[in-house]
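Shown next, in structure tokens, is the structure this report addresses.
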Amino acid sequence: MRFSIIVPVYNTEKYLQACVASILEQTFPEFELLLIDDASPDRCPEICDSFARSDARVRVIHKAHEGLVAARRTGVENSSGEYICYVDSDDRIEPQLLETVERAISKYNPDMVLFRAEQLLEDGHASLDGFLPAGYYDKARLRAEVYPHMLYNAYRIRRGALCVSPFCWDKVFRRELLCKHLCQDAQITIAEDMVFVYECLYYANDAYACSEILYEYNRCNANSMTTLHTDVDFANSRRVLDYLRTNLGGLDGDLDTQLDFFQAQNVLHNVLLLSTSHSFSKACRTLKRVMQEMHLLDGARISREDFPLLRCAYLALLKGGCYTLCVLIAKIYARIKPIKIFFSQLRAN
């Protein structure tokens, strides 16, 4: 079997049929589809079983609810394909996805194949950042052109550097590679694909990047997005960072610098979400507690080379314990449009 397509399924009844239909319409026939029902509370289990009855390529695995990490791992453990492709159950893929990937595999036999994706928004489609220029990347080219910028460009700070998105659904992995580096920490609930995507790419012997847009990422499903920031998000961010440092830290100087950047950038993102999701007093109390208990910026080397001046100053305020001022700045940043534009212009310089 050439491909195993793995779809973790949970609470996506509205979108699941279109997702599976897009997979079964593939122009390349040699694949199996594994629907991993993570004890979905809606009609998803029945929809999955219906597809399995009508198409022999579909297998359904019903399991206890353990989250996305466990569901993706269950899919890999039960797969038989040489290559693994992940699809989220509220997204869609183009009919020629597997055929396009197969052409690259037949010619280059790479460990990974990357392709482009677009977002489905309420008002239309928009392309996604985070893709490599099309072509074949042997190990030497990966070292020279990709590894020095993998994590930087996930957050689009350095202009002109190559991009690698943090998502797993715009990539196809050789099963042997994925089994060695798939995320094993089921307590990571956000960005779990990020931790194994970069690890797989770092240990891949080679990769091929396609120029075609082959995946539609659904941004219209409000159930799949976090609408309220909680303390769990800070803990999750810490677990993601620790996982990345454990598996990629110390391997390469450029990667260590990128991990420092990721750590600081992630804290900034979380502080903004916290400040805009809660009252001023609660946000101040929570920020003080999590910064002191979780040591969120400890060990991160912050320099002007990687951050604009005002961002460096803000991180210095966080490190210095000026939590009330930090929350105030974040609230102003989020609510007053002229200041947001001003900050955006500063980031671009």
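All residue names refer to the structure tokens as shown: chains lettered A, B, ... in order, residues numbered from 1 in each chain, ligands numbered from 1 in order.
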Name all residues at most 8 Å from segment 87-91 of chain A (count only C-alpha atoms; drop same-chain ones fewer than 2 positions away) and give them as a list in words.
Ile5, Ile6, Val7, Pro8, Val9, Tyr10, Thr12, Lys14, Tyr15, Leu16, Cys19, Val20, Cys85, Ile93, Trp169, Tyr215, Glu216, Tyr217, Asn218 and Asn221 of chain A
Just the residues within 8 Å of Phe31 of chain A, please, counting only C-alpha atoms, with nothing from its chain fewer than 4 positions along; format it as a list in words.
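Answer for this query is Met1, Arg2, Phe3, Ser4, Ile5, Arg57 and Gly81 of chain A.
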To test your reading of the structure, identify every residue in segment 49-161 of chain A that backbone DSSP assigns to strand (DSSP E), and report it as a PyMOL selection string.
chain A and resi 58-62+83-86+92-93+112-121+124-127+135-137
Which parts of segment 21-237 of chain A does DSSP call alpha helix (DSSP H) when run on the backbone here, written out as a ChimeraX atom specification?
/A:21-24,44-54,68-77,97-108,139-141,175-181,192-203,231-237
Just the number, please: distance in Å from atom CA of Met112 of chain A to atom CA of Cys48 of chain A, one decimal.
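Interatomic distance, atom CA of Met112 of chain A to atom CA of Cys48 of chain A: 28.2 Å.
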Can you list, as a ChimeraX atom specification, every protein, DNA or RNA residue that comes within 8 Å of Ser275 of chain A when you count only C-alpha atoms, leaving out same-chain residues fewer than 3 positions away?
/A:271-272,278-280,283-284,327-328,330-331
Would you save the residues of that selection, restricted to all heavy atoms, as a PDB file, in the first residue's frame?
ATOM      1  N   VAL A 271       0.422  36.214  26.342  1.00  0.00           N
ATOM      2  CA  VAL A 271       0.112  37.385  27.167  1.00  0.00           C
ATOM      3  C   VAL A 271      -0.959  38.236  26.495  1.00  0.00           C
ATOM      4  O   VAL A 271      -1.879  38.744  27.151  1.00  0.00           O
ATOM      5  CB  VAL A 271       1.385  38.216  27.435  1.00  0.00           C
ATOM      6  CG1 VAL A 271       1.028  39.544  28.115  1.00  0.00           C
ATOM      7  CG2 VAL A 271       2.351  37.445  28.323  1.00  0.00           C
ATOM      8  N   LEU A 272      -0.873  38.393  25.187  1.00  0.00           N
ATOM      9  CA  LEU A 272      -1.892  39.160  24.470  1.00  0.00           C
ATOM     10  C   LEU A 272      -3.256  38.489  24.585  1.00  0.00           C
ATOM     11  O   LEU A 272      -4.275  39.151  24.854  1.00  0.00           O
ATOM     12  CB  LEU A 272      -1.491  39.306  23.002  1.00  0.00           C
ATOM     13  CG  LEU A 272      -2.474  40.086  22.116  1.00  0.00           C
ATOM     14  CD1 LEU A 272      -2.597  41.519  22.591  1.00  0.00           C
ATOM     15  CD2 LEU A 272      -2.016  40.048  20.662  1.00  0.00           C
ATOM     16  N   HIS A 278      -9.642  38.434  29.615  1.00  0.00           N
ATOM     17  CA  HIS A 278     -10.041  38.569  31.013  1.00  0.00           C
ATOM     18  C   HIS A 278     -10.036  40.025  31.443  1.00  0.00           C
ATOM     19  O   HIS A 278      -9.497  40.894  30.746  1.00  0.00           O
ATOM     20  CB  HIS A 278      -9.101  37.764  31.911  1.00  0.00           C
ATOM     21  CG  HIS A 278      -9.125  36.288  31.668  1.00  0.00           C
ATOM     22  ND1 HIS A 278     -10.212  35.503  31.949  1.00  0.00           N
ATOM     23  CD2 HIS A 278      -8.198  35.451  31.149  1.00  0.00           C
ATOM     24  CE1 HIS A 278      -9.961  34.242  31.634  1.00  0.00           C
ATOM     25  NE2 HIS A 278      -8.742  34.192  31.133  1.00  0.00           N
ATOM     26  N   SER A 279     -10.626  40.270  32.596  1.00  0.00           N
ATOM     27  CA  SER A 279     -10.602  41.619  33.158  1.00  0.00           C
ATOM     28  C   SER A 279      -9.173  42.027  33.482  1.00  0.00           C
ATOM     29  O   SER A 279      -8.279  41.178  33.589  1.00  0.00           O
ATOM     30  CB  SER A 279     -11.446  41.668  34.427  1.00  0.00           C
ATOM     31  OG  SER A 279     -10.840  40.893  35.455  1.00  0.00           O
ATOM     32  N   PHE A 280      -8.967  43.319  33.642  1.00  0.00           N
ATOM     33  CA  PHE A 280      -7.620  43.825  33.893  1.00  0.00           C
ATOM     34  C   PHE A 280      -7.022  43.207  35.156  1.00  0.00           C
ATOM     35  O   PHE A 280      -5.887  42.725  35.152  1.00  0.00           O
ATOM     36  CB  PHE A 280      -7.660  45.356  34.025  1.00  0.00           C
ATOM     37  CG  PHE A 280      -6.314  45.986  34.229  1.00  0.00           C
ATOM     38  CD1 PHE A 280      -5.459  46.201  33.150  1.00  0.00           C
ATOM     39  CD2 PHE A 280      -5.888  46.358  35.498  1.00  0.00           C
ATOM     40  CE1 PHE A 280      -4.207  46.777  33.340  1.00  0.00           C
ATOM     41  CE2 PHE A 280      -4.649  46.929  35.696  1.00  0.00           C
ATOM     42  CZ  PHE A 280      -3.805  47.141  34.609  1.00  0.00           C
ATOM     43  N   ALA A 283      -6.333  39.401  34.709  1.00  0.00           N
ATOM     44  CA  ALA A 283      -5.201  39.176  33.815  1.00  0.00           C
ATOM     45  C   ALA A 283      -3.884  39.469  34.517  1.00  0.00           C
ATOM     46  O   ALA A 283      -2.908  38.727  34.354  1.00  0.00           O
ATOM     47  CB  ALA A 283      -5.347  40.046  32.566  1.00  0.00           C
ATOM     48  N   CYS A 284      -3.844  40.523  35.301  1.00  0.00           N
ATOM     49  CA  CYS A 284      -2.614  40.866  36.039  1.00  0.00           C
ATOM     50  C   CYS A 284      -2.260  39.776  37.040  1.00  0.00           C
ATOM     51  O   CYS A 284      -1.093  39.357  37.134  1.00  0.00           O
ATOM     52  CB  CYS A 284      -2.783  42.210  36.754  1.00  0.00           C
ATOM     53  SG  CYS A 284      -2.877  43.637  35.667  1.00  0.00           S
ATOM     54  N   VAL A 327       0.120  44.084  30.967  1.00  0.00           N
ATOM     55  CA  VAL A 327      -1.277  43.840  30.640  1.00  0.00           C
ATOM     56  C   VAL A 327      -1.915  45.095  30.051  1.00  0.00           C
ATOM     57  O   VAL A 327      -2.672  45.029  29.070  1.00  0.00           O
ATOM     58  CB  VAL A 327      -2.053  43.374  31.887  1.00  0.00           C
ATOM     59  CG1 VAL A 327      -3.560  43.335  31.601  1.00  0.00           C
ATOM     60  CG2 VAL A 327      -1.571  41.991  32.327  1.00  0.00           C
ATOM     61  N   LEU A 328      -1.593  46.246  30.625  1.00  0.00           N
ATOM     62  CA  LEU A 328      -2.133  47.504  30.117  1.00  0.00           C
ATOM     63  C   LEU A 328      -1.715  47.730  28.665  1.00  0.00           C
ATOM     64  O   LEU A 328      -2.539  48.080  27.804  1.00  0.00           O
ATOM     65  CB  LEU A 328      -1.652  48.661  30.992  1.00  0.00           C
ATOM     66  CG  LEU A 328      -2.085  50.064  30.547  1.00  0.00           C
ATOM     67  CD1 LEU A 328      -3.608  50.187  30.575  1.00  0.00           C
ATOM     68  CD2 LEU A 328      -1.429  51.126  31.438  1.00  0.00           C
ATOM     69  N   ALA A 330      -0.820  45.473  26.487  1.00  0.00           N
ATOM     70  CA  ALA A 330      -1.465  44.474  25.643  1.00  0.00           C
ATOM     71  C   ALA A 330      -2.912  44.847  25.349  1.00  0.00           C
ATOM     72  O   ALA A 330      -3.397  44.671  24.220  1.00  0.00           O
ATOM     73  CB  ALA A 330      -1.395  43.098  26.301  1.00  0.00           C
ATOM     74  N   LYS A 331      -3.620  45.359  26.343  1.00  0.00           N
ATOM     75  CA  LYS A 331      -5.007  45.760  26.128  1.00  0.00           C
ATOM     76  C   LYS A 331      -5.092  46.944  25.160  1.00  0.00           C
ATOM     77  O   LYS A 331      -5.979  46.991  24.290  1.00  0.00           O
ATOM     78  CB  LYS A 331      -5.677  46.092  27.462  1.00  0.00           C
ATOM     79  CG  LYS A 331      -6.071  44.856  28.271  1.00  0.00           C
ATOM     80  CD  LYS A 331      -6.834  45.231  29.508  1.00  0.00           C
ATOM     81  CE  LYS A 331      -7.375  43.990  30.222  1.00  0.00           C
ATOM     82  NZ  LYS A 331      -8.446  43.313  29.463  1.00  0.00           N
TER      83      LYS A 331
END
For Asn270 of chain A, work out the shell of residues within 9 Å, counting only C-alpha atoms and skipping chain neighbours fewer than 5 positions away, then give it as a list in words.
His229, Asp233, Phe234, Ser237, Gln265 and Ser275 of chain A
Residues near Ala21 of chain A, cut-off 10 Å, only C-alpha atoms, skip fewer than 6 positions along chain, as a list of chain:residue names:
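Listed by chain and then number, they are A:Phe51, A:Arg92, A:Ile93, A:Pro95.
Ranking A:Leu24, A:Ala64, A:Leu214, A:Ala70 by their shortest atom-to-atom distance to Arg116 of chain A, with only C-alpha atoms included, puts A:Leu214 first.
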Considering only C-alpha atoms, state which residue in the set A:Val113, A:Ile188, A:Tyr136, A:Glu212 is at the smallest distance from Gln96 of chain A.
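Smallest distance to Gln96 of chain A is found for A:Glu212.
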Restricting the calculation to only C-alpha atoms: of A:Tyr147, A:Gln184, A:Glu66, A:Ile213, which residue gets closest to Glu118 of chain A?
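Counting only C-alpha atoms, the residue closest to Glu118 of chain A is A:Ile213.
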May I have the residues within 9 Å of Arg59 of chain A as a PyMOL selection string, using only C-alpha atoms and disregarding those fewer than 3 positions away in the same chain?
chain A and resi 32-36+48-49+51-52+55-56
Pick the closest to Glu77 of chain A from A:Val101, A:Met291, A:Ile61, A:Thr257: which is it, counting only C-alpha atoms?
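Looking at the shortest contact to Glu77 of chain A, the residue is A:Ile61.
Counting only C-alpha atoms, the residue from A:His149, A:Ser211, A:Arg285, A:Arg304 that sits nearest to Gly253 of chain A is A:His149.
Closest to His62 of chain A among A:Val76, A:Met194, A:Ala39, A:Leu132 is A:Ala39, based on only C-alpha atoms.
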